[in-house]
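Raw query-v6.pdb, PDB, C-alpha atoms and all ligand atoms:
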ATOM      1  CA  MET A   1      51.958 -41.343  70.656  1.00  0.00           C
ATOM      2  CA  LYS A   2      50.055 -40.377  73.797  1.00  0.00           C
ATOM      3  CA  ILE A   3      49.781 -36.689  74.625  1.00  0.00           C
ATOM      4  CA  ALA A   4      48.538 -34.522  77.486  1.00  0.00           C
ATOM      5  CA  VAL A   5      47.117 -31.113  76.594  1.00  0.00           C
ATOM      6  CA  CYS A   6      47.339 -28.400  79.274  1.00  0.00           C
ATOM      7  CA  VAL A   7      44.868 -25.514  79.062  1.00  0.00           C
ATOM      8  CA  SER A   8      43.640 -22.499  81.016  1.00  0.00           C
ATOM      9  CA  GLY A   9      40.923 -20.911  78.912  1.00  0.00           C
ATOM     10  CA  GLY A  10      38.810 -21.172  75.813  1.00  0.00           C
ATOM     11  CA  GLY A  11      40.651 -24.091  74.315  1.00  0.00           C
ATOM     12  CA  THR A  12      40.483 -23.214  70.623  1.00  0.00           C
ATOM     13  CA  ASN A  13      43.959 -24.675  70.141  1.00  0.00           C
ATOM     14  CA  LEU A  14      42.821 -27.835  71.937  1.00  0.00           C
ATOM     15  CA  GLN A  15      39.852 -27.951  69.551  1.00  0.00           C
ATOM     16  CA  ALA A  16      42.138 -27.655  66.524  1.00  0.00           C
ATOM     17  CA  ILE A  17      44.142 -30.628  67.828  1.00  0.00           C
ATOM     18  CA  ILE A  18      41.001 -32.699  68.499  1.00  0.00           C
ATOM     19  CA  ASP A  19      39.647 -31.908  65.008  1.00  0.00           C
ATOM     20  CA  LYS A  20      42.892 -32.749  63.236  1.00  0.00           C
ATOM     21  CA  ILE A  21      43.320 -36.046  65.068  1.00  0.00           C
ATOM     22  CA  GLU A  22      39.764 -36.876  64.008  1.00  0.00           C
ATOM     23  CA  SER A  23      40.331 -35.833  60.377  1.00  0.00           C
ATOM     24  CA  GLY A  24      43.585 -37.798  60.182  1.00  0.00           C
ATOM     25  CA  GLU A  25      45.795 -34.730  59.629  1.00  0.00           C
ATOM     26  CA  ILE A  26      47.557 -35.563  62.898  1.00  0.00           C
ATOM     27  CA  HIS A  27      48.708 -39.184  62.663  1.00  0.00           C
ATOM     28  CA  ASN A  28      49.350 -41.757  65.322  1.00  0.00           C
ATOM     29  CA  THR A  29      48.281 -39.534  68.232  1.00  0.00           C
ATOM     30  CA  GLU A  30      45.837 -39.896  71.102  1.00  0.00           C
ATOM     31  CA  ILE A  31      44.956 -37.285  73.734  1.00  0.00           C
ATOM     32  CA  ALA A  32      45.210 -39.194  77.035  1.00  0.00           C
ATOM     33  CA  VAL A  33      44.159 -36.264  79.214  1.00  0.00           C
ATOM     34  CA  VAL A  34      43.356 -32.555  79.208  1.00  0.00           C
ATOM     35  CA  ILE A  35      44.726 -30.802  82.288  1.00  0.00           C
ATOM     36  CA  SER A  36      43.366 -27.397  83.308  1.00  0.00           C
ATOM     37  CA  ASN A  37      44.359 -25.108  86.184  1.00  0.00           C
ATOM     38  CA  ASN A  38      40.928 -23.514  85.967  1.00  0.00           C
ATOM     39  CA  LYS A  39      37.810 -25.567  86.631  1.00  0.00           C
ATOM     40  CA  ASN A  40      35.680 -23.141  84.615  1.00  0.00           C
ATOM     41  CA  ALA A  41      37.828 -23.310  81.487  1.00  0.00           C
ATOM     42  CA  TYR A  42      35.657 -23.886  78.424  1.00  0.00           C
ATOM     43  CA  ALA A  43      38.460 -26.138  77.213  1.00  0.00           C
ATOM     44  CA  LEU A  44      37.299 -28.749  79.761  1.00  0.00           C
ATOM     45  CA  GLU A  45      33.881 -28.775  78.103  1.00  0.00           C
ATOM     46  CA  ARG A  46      35.494 -29.280  74.723  1.00  0.00           C
ATOM     47  CA  ALA A  47      37.375 -32.263  76.177  1.00  0.00           C
ATOM     48  CA  ALA A  48      34.189 -33.733  77.653  1.00  0.00           C
ATOM     49  CA  LYS A  49      32.335 -33.324  74.349  1.00  0.00           C
ATOM     50  CA  ALA A  50      35.113 -35.216  72.601  1.00  0.00           C
ATOM     51  CA  GLY A  51      35.035 -37.979  75.221  1.00  0.00           C
ATOM     52  CA  ILE A  52      38.492 -37.083  76.557  1.00  0.00           C
ATOM     53  CA  GLU A  53      39.298 -37.218  80.270  1.00  0.00           C
ATOM     54  CA  GLY A  54      39.657 -33.764  81.814  1.00  0.00           C
ATOM     55  CA  VAL A  55      41.256 -32.968  85.151  1.00  0.00           C
ATOM     56  CA  CYS A  56      41.631 -29.741  87.071  1.00  0.00           C
ATOM     57  CA  ILE A  57      44.671 -29.038  89.175  1.00  0.00           C
ATOM     58  CA  SER A  58      45.193 -25.511  90.444  1.00  0.00           C
ATOM     59  CA  PRO A  59      47.978 -23.845  92.453  1.00  0.00           C
ATOM     60  CA  LYS A  60      45.167 -22.224  94.482  1.00  0.00           C
ATOM     61  CA  ASP A  61      44.305 -25.595  96.020  1.00  0.00           C
ATOM     62  CA  TYR A  62      47.782 -26.120  97.490  1.00  0.00           C
ATOM     63  CA  ALA A  63      49.452 -24.501 100.480  1.00  0.00           C
ATOM     64  CA  SER A  64      52.662 -23.828  98.580  1.00  0.00           C
ATOM     65  CA  ARG A  65      53.987 -23.740  95.045  1.00  0.00           C
ATOM     66  CA  ASP A  66      56.246 -26.699  95.835  1.00  0.00           C
ATOM     67  CA  GLU A  67      53.252 -28.799  96.842  1.00  0.00           C
ATOM     68  CA  PHE A  68      51.389 -27.848  93.688  1.00  0.00           C
ATOM     69  CA  ASN A  69      54.437 -28.599  91.522  1.00  0.00           C
ATOM     70  CA  LYS A  70      54.774 -32.031  93.098  1.00  0.00           C
ATOM     71  CA  ALA A  71      51.084 -32.853  92.655  1.00  0.00           C
ATOM     72  CA  PHE A  72      51.077 -31.578  89.078  1.00  0.00           C
ATOM     73  CA  LEU A  73      54.083 -33.703  88.138  1.00  0.00           C
ATOM     74  CA  GLU A  74      52.596 -36.782  89.821  1.00  0.00           C
ATOM     75  CA  LYS A  75      49.318 -36.278  87.990  1.00  0.00           C
ATOM     76  CA  LEU A  76      51.062 -35.880  84.655  1.00  0.00           C
ATOM     77  CA  ASP A  77      53.348 -38.882  85.253  1.00  0.00           C
ATOM     78  CA  SER A  78      50.313 -41.068  85.954  1.00  0.00           C
ATOM     79  CA  TYR A  79      49.229 -40.778  82.298  1.00  0.00           C
ATOM     80  CA  ASN A  80      52.563 -41.932  80.852  1.00  0.00           C
ATOM     81  CA  VAL A  81      52.462 -39.518  77.929  1.00  0.00           C
ATOM     82  CA  ASP A  82      55.089 -39.084  75.232  1.00  0.00           C
ATOM     83  CA  LEU A  83      54.419 -35.369  74.749  1.00  0.00           C
ATOM     84  CA  VAL A  84      52.928 -32.528  76.813  1.00  0.00           C
ATOM     85  CA  VAL A  85      51.211 -29.826  74.781  1.00  0.00           C
ATOM     86  CA  LEU A  86      50.732 -26.390  76.369  1.00  0.00           C
ATOM     87  CA  ALA A  87      47.744 -24.919  74.551  1.00  0.00           C
ATOM     88  CA  GLY A  88      47.147 -21.579  76.230  1.00  0.00           C
ATOM     89  CA  PHE A  89      48.344 -22.838  79.629  1.00  0.00           C
ATOM     90  CA  LEU A  90      49.124 -19.896  81.895  1.00  0.00           C
ATOM     91  CA  VAL A  91      50.863 -21.696  84.763  1.00  0.00           C
ATOM     92  CA  VAL A  92      54.672 -21.659  85.028  1.00  0.00           C
ATOM     93  CA  ILE A  93      55.941 -25.184  84.375  1.00  0.00           C
ATOM     94  CA  PRO A  94      57.872 -26.560  87.376  1.00  0.00           C
ATOM     95  CA  PRO A  95      61.634 -26.835  86.700  1.00  0.00           C
ATOM     96  CA  GLU A  96      61.575 -30.499  87.712  1.00  0.00           C
ATOM     97  CA  MET A  97      58.958 -31.198  85.059  1.00  0.00           C
ATOM     98  CA  ILE A  98      61.056 -29.429  82.420  1.00  0.00           C
ATOM     99  CA  ARG A  99      64.075 -31.561  83.342  1.00  0.00           C
ATOM    100  CA  LYS A 100      62.093 -34.782  83.332  1.00  0.00           C
ATOM    101  CA  TYR A 101      60.275 -33.998  80.070  1.00  0.00           C
ATOM    102  CA  ARG A 102      63.195 -32.370  78.225  1.00  0.00           C
ATOM    103  CA  ASN A 103      62.151 -31.705  74.615  1.00  0.00           C
ATOM    104  CA  LYS A 104      58.839 -33.404  75.356  1.00  0.00           C
ATOM    105  CA  ILE A 105      56.876 -30.263  76.214  1.00  0.00           C
ATOM    106  CA  ILE A 106      55.729 -27.908  73.461  1.00  0.00           C
ATOM    107  CA  ASN A 107      54.049 -24.521  73.709  1.00  0.00           C
ATOM    108  CA  ILE A 108      52.185 -22.254  71.314  1.00  0.00           C
ATOM    109  CA  HIS A 109      52.994 -18.549  71.601  1.00  0.00           C
ATOM    110  CA  PRO A 110      51.017 -15.923  69.670  1.00  0.00           C
ATOM    111  CA  SER A 111      53.928 -13.944  68.192  1.00  0.00           C
ATOM    112  CA  LEU A 112      57.059 -14.482  66.132  1.00  0.00           C
ATOM    113  CA  ILE A 113      59.587 -15.276  68.880  1.00  0.00           C
ATOM    114  CA  PRO A 114      61.895 -13.509  69.843  1.00  0.00           C
ATOM    115  CA  SER A 115      59.506 -10.575  69.385  1.00  0.00           C
ATOM    116  CA  PHE A 116      56.738  -9.920  71.911  1.00  0.00           C
ATOM    117  CA  CYS A 117      57.546 -12.840  74.190  1.00  0.00           C
ATOM    118  CA  GLY A 118      58.861 -13.475  77.684  1.00  0.00           C
ATOM    119  CA  THR A 119      57.469 -12.488  81.051  1.00  0.00           C
ATOM    120  CA  GLY A 120      54.239 -10.497  80.823  1.00  0.00           C
ATOM    121  CA  TYR A 121      53.541 -11.352  77.183  1.00  0.00           C
ATOM    122  CA  TYR A 122      50.608 -13.737  77.106  1.00  0.00           C
ATOM    123  CA  GLY A 123      47.156 -13.767  75.542  1.00  0.00           C
ATOM    124  CA  LEU A 124      45.852 -10.360  74.452  1.00  0.00           C
ATOM    125  CA  LYS A 125      48.864  -8.547  75.941  1.00  0.00           C
ATOM    126  CA  VAL A 126      50.965  -9.892  73.082  1.00  0.00           C
ATOM    127  CA  HIS A 127      48.657  -8.395  70.455  1.00  0.00           C
ATOM    128  CA  GLU A 128      48.416  -5.105  72.362  1.00  0.00           C
ATOM    129  CA  GLY A 129      52.205  -4.916  72.286  1.00  0.00           C
ATOM    130  CA  VAL A 130      52.255  -5.614  68.558  1.00  0.00           C
ATOM    131  CA  LEU A 131      49.757  -2.833  67.843  1.00  0.00           C
ATOM    132  CA  GLU A 132      51.530  -0.357  70.154  1.00  0.00           C
ATOM    133  CA  ARG A 133      54.832  -0.944  68.354  1.00  0.00           C
ATOM    134  CA  GLY A 134      53.230  -0.736  64.949  1.00  0.00           C
ATOM    135  CA  VAL A 135      54.893  -3.790  63.404  1.00  0.00           C
ATOM    136  CA  LYS A 136      53.267  -4.894  60.150  1.00  0.00           C
ATOM    137  CA  VAL A 137      53.897  -8.610  60.480  1.00  0.00           C
ATOM    138  CA  THR A 138      53.265 -10.817  63.517  1.00  0.00           C
ATOM    139  CA  GLY A 139      52.446 -14.519  63.780  1.00  0.00           C
ATOM    140  CA  ALA A 140      52.794 -17.522  66.029  1.00  0.00           C
ATOM    141  CA  THR A 141      55.562 -19.841  67.203  1.00  0.00           C
ATOM    142  CA  CYS A 142      55.462 -23.439  68.353  1.00  0.00           C
ATOM    143  CA  HIS A 143      58.499 -24.322  70.446  1.00  0.00           C
ATOM    144  CA  PHE A 144      59.870 -26.766  72.974  1.00  0.00           C
ATOM    145  CA  VAL A 145      59.784 -25.558  76.569  1.00  0.00           C
ATOM    146  CA  ASP A 146      63.032 -25.033  78.449  1.00  0.00           C
ATOM    147  CA  GLU A 147      63.801 -23.272  81.747  1.00  0.00           C
ATOM    148  CA  GLY A 148      63.279 -19.793  80.301  1.00  0.00           C
ATOM    149  CA  THR A 149      60.066 -18.045  79.258  1.00  0.00           C
ATOM    150  CA  ASP A 150      59.505 -18.605  75.525  1.00  0.00           C
ATOM    151  CA  THR A 151      63.210 -19.405  75.003  1.00  0.00           C
ATOM    152  CA  GLY A 152      63.175 -23.081  73.975  1.00  0.00           C
ATOM    153  CA  PRO A 153      64.005 -24.556  70.547  1.00  0.00           C
ATOM    154  CA  ILE A 154      61.652 -23.266  67.835  1.00  0.00           C
ATOM    155  CA  ILE A 155      59.816 -25.970  65.867  1.00  0.00           C
ATOM    156  CA  LEU A 156      57.518 -23.997  63.535  1.00  0.00           C
ATOM    157  CA  GLN A 157      56.593 -20.360  62.943  1.00  0.00           C
ATOM    158  CA  LYS A 158      54.037 -18.729  60.682  1.00  0.00           C
ATOM    159  CA  ALA A 159      53.706 -15.056  59.816  1.00  0.00           C
ATOM    160  CA  VAL A 160      50.412 -13.147  59.822  1.00  0.00           C
ATOM    161  CA  GLU A 161      49.804  -9.615  58.521  1.00  0.00           C
ATOM    162  CA  VAL A 162      48.795  -6.803  60.863  1.00  0.00           C
ATOM    163  CA  LEU A 163      46.106  -4.710  59.161  1.00  0.00           C
ATOM    164  CA  GLU A 164      45.018  -1.096  59.512  1.00  0.00           C
ATOM    165  CA  GLY A 165      42.189  -0.846  62.031  1.00  0.00           C
ATOM    166  CA  ASP A 166      43.102  -4.042  63.919  1.00  0.00           C
ATOM    167  CA  THR A 167      42.108  -4.260  67.560  1.00  0.00           C
ATOM    168  CA  PRO A 168      43.922  -6.713  69.879  1.00  0.00           C
ATOM    169  CA  GLU A 169      40.876  -9.003  69.664  1.00  0.00           C
ATOM    170  CA  ILE A 170      40.674  -8.938  65.862  1.00  0.00           C
ATOM    171  CA  LEU A 171      44.403  -9.551  65.556  1.00  0.00           C
ATOM    172  CA  GLN A 172      44.300 -12.360  68.123  1.00  0.00           C
ATOM    173  CA  ARG A 173      41.615 -14.129  66.103  1.00  0.00           C
ATOM    174  CA  ARG A 174      43.554 -13.742  62.818  1.00  0.00           C
ATOM    175  CA  VAL A 175      46.750 -15.077  64.425  1.00  0.00           C
ATOM    176  CA  MET A 176      44.827 -18.065  65.761  1.00  0.00           C
ATOM    177  CA  GLU A 177      43.093 -18.824  62.455  1.00  0.00           C
ATOM    178  CA  GLN A 178      46.037 -18.238  60.146  1.00  0.00           C
ATOM    179  CA  ALA A 179      48.862 -19.506  62.342  1.00  0.00           C
ATOM    180  CA  GLU A 180      48.222 -21.145  65.737  1.00  0.00           C
ATOM    181  CA  TRP A 181      45.567 -23.650  64.672  1.00  0.00           C
ATOM    182  CA  ILE A 182      47.806 -24.708  61.791  1.00  0.00           C
ATOM    183  CA  ILE A 183      51.312 -24.910  63.254  1.00  0.00           C
ATOM    184  CA  MET A 184      50.489 -26.490  66.624  1.00  0.00           C
ATOM    185  CA  PRO A 185      48.730 -29.531  65.077  1.00  0.00           C
ATOM    186  CA  LYS A 186      51.466 -29.695  62.405  1.00  0.00           C
ATOM    187  CA  ALA A 187      54.184 -29.740  65.075  1.00  0.00           C
ATOM    188  CA  ILE A 188      52.405 -32.562  66.926  1.00  0.00           C
ATOM    189  CA  ASP A 189      52.154 -34.556  63.712  1.00  0.00           C
ATOM    190  CA  LEU A 190      55.842 -34.008  62.921  1.00  0.00           C
ATOM    191  CA  ILE A 191      56.836 -35.134  66.427  1.00  0.00           C
ATOM    192  CA  ALA A 192      54.523 -38.166  66.259  1.00  0.00           C
ATOM    193  CA  SER A 193      56.178 -39.078  62.954  1.00  0.00           C
ATOM    194  CA  GLY A 194      59.653 -38.872  64.496  1.00  0.00           C
ATOM    195  CA  LYS A 195      60.666 -35.983  62.248  1.00  0.00           C
ATOM    196  CA  VAL A 196      61.765 -33.492  64.893  1.00  0.00           C
ATOM    197  CA  SER A 197      65.152 -33.607  66.576  1.00  0.00           C
ATOM    198  CA  VAL A 198      66.960 -31.126  68.780  1.00  0.00           C
ATOM    199  CA  VAL A 199      70.704 -30.655  68.450  1.00  0.00           C
ATOM    200  CA  ASP A 200      72.582 -28.057  70.515  1.00  0.00           C
ATOM    201  CA  GLY A 201      69.373 -26.226  71.377  1.00  0.00           C
ATOM    202  CA  ILE A 202      68.142 -25.998  67.767  1.00  0.00           C
ATOM    203  CA  ALA A 203      65.145 -27.993  66.506  1.00  0.00           C
ATOM    204  CA  HIS A 204      65.511 -29.610  63.096  1.00  0.00           C
ATOM    205  CA  ILE A 205      62.774 -31.091  60.919  1.00  0.00           C
ATOM    206  CA  SER A 206      63.539 -33.949  58.567  1.00  0.00           C
ATOM    207  CA  GLU A 207      61.216 -34.525  55.629  1.00  0.00           C
ATOM    208  CA  ASN A 208      61.801 -38.247  55.082  1.00  0.00           C
TER     209      ASN A 208
HETATM  210  C1  LIG B   1      46.396 -18.571  72.437  1.00  0.00           C
HETATM  211  O1  LIG B   1      46.392 -17.414  71.645  1.00  0.00           O
HETATM  212  C2  LIG B   1      47.819 -18.947  72.798  1.00  0.00           C
HETATM  213  O2  LIG B   1      48.732 -18.682  71.786  1.00  0.00           O
HETATM  214  C3  LIG B   1      48.043 -18.048  73.981  1.00  0.00           C
HETATM  215  O3  LIG B   1      46.834 -18.107  74.711  1.00  0.00           O
HETATM  216  C4  LIG B   1      45.747 -18.311  73.810  1.00  0.00           C
HETATM  217  C5  LIG B   1      44.906 -19.478  74.268  1.00  0.00           C
HETATM  218  O4  LIG B   1      43.761 -19.624  73.477  1.00  0.00           O
HETATM  219  N1  LIG B   1      49.176 -18.486  74.763  1.00  0.00           N
HETATM  220  C6  LIG B   1      50.022 -17.651  75.339  1.00  0.00           C
HETATM  221  O5  LIG B   1      49.907 -16.436  75.309  1.00  0.00           O
HETATM  222  C7  LIG B   1      51.189 -18.337  76.051  1.00  0.00           C
HETATM  223  N2  LIG B   1      52.200 -17.384  76.424  1.00  0.00           N
HETATM  224  P1  LIG B   1      42.912 -20.971  73.470  1.00  0.00           P
HETATM  225  O6  LIG B   1      42.601 -21.337  74.925  1.00  0.00           O
HETATM  226  O7  LIG B   1      41.663 -20.606  72.716  1.00  0.00           O
HETATM  227  O8  LIG B   1      43.711 -22.046  72.779  1.00  0.00           O
END

Rewrite the structure of this file - the entire thing - as structure tokens.
Amino acid sequence: MKIAVCVSGGGTNLQAIIDKIESGEIHNTEIAVVISNNKNAYALERAAKAGIEGVCISPKDYASRDEFNKAFLEKLDSYNVDLVVLAGFLVVIPPEMIRKYRNKIINIHPSLIPSFCGTGYYGLKVHEGVLERGVKVTGATCHFVDEGTDTGPIILQKAVEVLEGDTPEILQRRVMEQAEWIIMPKAIDLIASGKVSVVDGIAHISEN
């Protein structure tokens, strides 16, 4: 299976995917391209170090959103990938891309959906919301992308404890270590092995 990984920042989830392809924990998968909307994203350096092609395509370089959406879709199409992985990608996915890649785009979100998700909940803001509400369990969710924000079929989730004294940064790191870097690679492996299907908006995992 060929995948594209879309990034905007540090790229620790990208790194987890690279490492687990290398170690053999993700089977039958090759990263064809890393796409960033931010030319300074450290994720692009991680791609370069791993010998993976990196490209930058940013809405800022286009006169309109429509033009960017068109260019983004053309760029993605040119790599002929089987799966698009959003690994901390902060650009809204064009509706046309969602239609064309139905159940072929996955995202990692740093909370247990449907808590602390939707518009405005991304990155540290998610963990700030968790601490403000005082919940004792949070986690991460890997899901397919549909037209809504964080509303697509859920593939895997993993819970993580919130501890006394947590700051958003400390909690973010724990959620990454104990959940994101585990379930995102696992979801890719399950999809590459043909074990994930979506029926009536619900993702199912077969263990054959
Ligand atoms: C991750 O925590 C990811 O879950 C989050 O951004 C971070 C990217 O980190 N994504 C979202 O909030 C999407 N709504 P990374 O660049 O180190 O992988």

A:Ile105 environment, 6 Å, only C-alpha atoms, sequence neighbours closer than 6 positions dropped, as a CSV table (one decimal) with C-alpha atoms, keeping the file's coordinate frame:
chain,number,residue,atom,x,y,z
A,83,LEU,CA,54.4,-35.4,74.7
A,84,VAL,CA,52.9,-32.5,76.8
A,85,VAL,CA,51.2,-29.8,74.8
A,144,PHE,CA,59.9,-26.8,73.0
A,145,VAL,CA,59.8,-25.6,76.6

On this structure, the PyMOL selection byres (((chain A and resi 47) around 12) and not hetatm) would catch which residues? List them as a PyMOL selection string, sorted by chain and number. chain A and resi 4-7+10-19+31-36+41-46+48-56

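For the choices A:Val91, A:Ile26, A:Val126, A:Leu131, the atom-to-atom distance to A:Ile57 is smallest for A:Val91 when using only C-alpha atoms.
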
Under the rule that only C-alpha atoms and all ligand atoms are counted, which of A:Asp166, A:Glu128, A:Asp189, A:Asp200 is the nearest residue to ligand LIG 1 (chain B)?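 Answer, going by the shortest atom-to-atom distance: A:Glu128.
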
Hey, which residues come within 9 Å of ligand LIG 1 (chain B) if we count all atoms listed in the file? Could you give them as an NGL selection string? :A and (7-16 or 41-43 or 86-90 or 107-111 or 117-126 or 140-142 or 149-150 or 172-173 or 175-176 or 180-181)

Pick out the residues sitting within 12 Å of A:Glu67, and hand them over as a ChimeraX atom specification; count all atoms listed in the file, and ignore anything fewer than 6 positions along from it in its own chain. /A:57-61,73-74,94

d(atom CA of A:Glu25, atom CA of A:Lys158) in Å: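 Here the two named atoms are 18.0 Å from each other.
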
Option closest in space to A:Tyr79, from A:Lys20, A:Ala63, A:Glu30, A:Val135 [counting all atoms listed in the file]: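 For A:Tyr79, the nearest of the candidates is A:Glu30.
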
Just checking: using all atoms listed in the file, which residue out of A:Asn208, A:Leu156, A:Val81, A:Asp66 ends up closest to A:Gly194?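 So, comparing all the options, the nearest one is A:Asn208.
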
Interatomic distance between atom CA of A:His27 and atom CA of A:Met184? 13.4 Å

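Our summary of the geometry notes that atom CA of A:Ala192 is positioned 20.7 Å from atom CA of A:Arg99.
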
Can you turn the PyMOL selection byres (((chain A and resi 162) around 9) and not hetatm) into a concrete residue list for this file, as JSON, numbers by chain? {"A": [130, 131, 134, 135, 136, 137, 138, 160, 161, 163, 164, 165, 166, 171, 174]}

Closest to A:Gly148 among A:Met1, A:Leu76, A:Ile170, A:Ile93, using all atoms listed in the file? A:Ile93

Return stretch 25-33 of chain A, completed with all heavy atoms, as a PDB file, in the coordinates of the input.
ATOM      1  N   GLU A  25      44.648 -35.601  59.960  1.00  0.00           N
ATOM      2  CA  GLU A  25      45.795 -34.730  59.629  1.00  0.00           C
ATOM      3  C   GLU A  25      46.913 -34.865  60.659  1.00  0.00           C
ATOM      4  O   GLU A  25      48.076 -34.647  60.356  1.00  0.00           O
ATOM      5  CB  GLU A  25      45.349 -33.268  59.551  1.00  0.00           C
ATOM      6  CG  GLU A  25      44.592 -32.936  58.282  1.00  0.00           C
ATOM      7  CD  GLU A  25      43.899 -31.584  58.382  1.00  0.00           C
ATOM      8  OE1 GLU A  25      44.562 -30.564  58.160  1.00  0.00           O
ATOM      9  OE2 GLU A  25      42.699 -31.569  58.709  1.00  0.00           O
ATOM     10  N   ILE A  26      46.545 -35.184  61.901  1.00  0.00           N
ATOM     11  CA  ILE A  26      47.557 -35.563  62.898  1.00  0.00           C
ATOM     12  C   ILE A  26      47.504 -37.084  62.967  1.00  0.00           C
ATOM     13  O   ILE A  26      46.460 -37.661  63.282  1.00  0.00           O
ATOM     14  CB  ILE A  26      47.270 -34.965  64.288  1.00  0.00           C
ATOM     15  CG1 ILE A  26      47.259 -33.438  64.248  1.00  0.00           C
ATOM     16  CG2 ILE A  26      48.297 -35.460  65.300  1.00  0.00           C
ATOM     17  CD1 ILE A  26      46.872 -32.780  65.584  1.00  0.00           C
ATOM     18  N   HIS A  27      48.641 -37.719  62.685  1.00  0.00           N
ATOM     19  CA  HIS A  27      48.708 -39.184  62.663  1.00  0.00           C
ATOM     20  C   HIS A  27      49.144 -39.738  64.007  1.00  0.00           C
ATOM     21  O   HIS A  27      49.883 -39.074  64.746  1.00  0.00           O
ATOM     22  CB  HIS A  27      49.720 -39.648  61.595  1.00  0.00           C
ATOM     23  CG  HIS A  27      49.382 -39.163  60.221  1.00  0.00           C
ATOM     24  ND1 HIS A  27      49.792 -37.938  59.751  1.00  0.00           N
ATOM     25  CD2 HIS A  27      48.664 -39.720  59.222  1.00  0.00           C
ATOM     26  CE1 HIS A  27      49.343 -37.769  58.519  1.00  0.00           C
ATOM     27  NE2 HIS A  27      48.653 -38.833  58.175  1.00  0.00           N
ATOM     28  N   ASN A  28      48.714 -40.959  64.282  1.00  0.00           N
ATOM     29  CA  ASN A  28      49.350 -41.757  65.322  1.00  0.00           C
ATOM     30  C   ASN A  28      49.366 -41.061  66.688  1.00  0.00           C
ATOM     31  O   ASN A  28      50.336 -41.156  67.433  1.00  0.00           O
ATOM     32  CB  ASN A  28      50.808 -42.057  64.838  1.00  0.00           C
ATOM     33  CG  ASN A  28      51.584 -42.929  65.780  1.00  0.00           C
ATOM     34  OD1 ASN A  28      51.006 -43.778  66.454  1.00  0.00           O
ATOM     35  ND2 ASN A  28      52.887 -42.707  65.866  1.00  0.00           N
ATOM     36  N   THR A  29      48.296 -40.333  67.006  1.00  0.00           N
ATOM     37  CA  THR A  29      48.281 -39.534  68.232  1.00  0.00           C
ATOM     38  C   THR A  29      46.944 -39.670  68.944  1.00  0.00           C
ATOM     39  O   THR A  29      45.890 -39.646  68.309  1.00  0.00           O
ATOM     40  CB  THR A  29      48.537 -38.041  67.898  1.00  0.00           C
ATOM     41  OG1 THR A  29      49.822 -37.915  67.299  1.00  0.00           O
ATOM     42  CG2 THR A  29      48.480 -37.161  69.138  1.00  0.00           C
ATOM     43  N   GLU A  30      47.043 -39.797  70.273  1.00  0.00           N
ATOM     44  CA  GLU A  30      45.837 -39.896  71.102  1.00  0.00           C
ATOM     45  C   GLU A  30      45.982 -38.939  72.280  1.00  0.00           C
ATOM     46  O   GLU A  30      47.049 -38.872  72.900  1.00  0.00           O
ATOM     47  CB  GLU A  30      45.750 -41.343  71.615  1.00  0.00           C
ATOM     48  CG  GLU A  30      44.632 -41.638  72.563  1.00  0.00           C
ATOM     49  CD  GLU A  30      44.967 -42.821  73.473  1.00  0.00           C
ATOM     50  OE1 GLU A  30      45.823 -43.654  73.078  1.00  0.00           O
ATOM     51  OE2 GLU A  30      44.411 -42.884  74.578  1.00  0.00           O
ATOM     52  N   ILE A  31      44.919 -38.163  72.563  1.00  0.00           N
ATOM     53  CA  ILE A  31      44.956 -37.285  73.734  1.00  0.00           C
ATOM     54  C   ILE A  31      44.547 -38.117  74.943  1.00  0.00           C
ATOM     55  O   ILE A  31      43.394 -38.550  75.058  1.00  0.00           O
ATOM     56  CB  ILE A  31      44.015 -36.069  73.584  1.00  0.00           C
ATOM     57  CG1 ILE A  31      44.362 -35.253  72.325  1.00  0.00           C
ATOM     58  CG2 ILE A  31      44.100 -35.175  74.829  1.00  0.00           C
ATOM     59  CD1 ILE A  31      43.420 -34.080  72.058  1.00  0.00           C
ATOM     60  N   ALA A  32      45.503 -38.356  75.864  1.00  0.00           N
ATOM     61  CA  ALA A  32      45.210 -39.194  77.035  1.00  0.00           C
ATOM     62  C   ALA A  32      44.469 -38.388  78.091  1.00  0.00           C
ATOM     63  O   ALA A  32      43.648 -38.928  78.832  1.00  0.00           O
ATOM     64  CB  ALA A  32      46.511 -39.744  77.608  1.00  0.00           C
ATOM     65  N   VAL A  33      44.774 -37.089  78.167  1.00  0.00           N
ATOM     66  CA  VAL A  33      44.159 -36.264  79.214  1.00  0.00           C
ATOM     67  C   VAL A  33      44.273 -34.786  78.844  1.00  0.00           C
ATOM     68  O   VAL A  33      45.230 -34.376  78.188  1.00  0.00           O
ATOM     69  CB  VAL A  33      44.821 -36.532  80.594  1.00  0.00           C
ATOM     70  CG1 VAL A  33      46.289 -36.127  80.597  1.00  0.00           C
ATOM     71  CG2 VAL A  33      44.079 -35.841  81.727  1.00  0.00           C
TER      72      VAL A  33
END
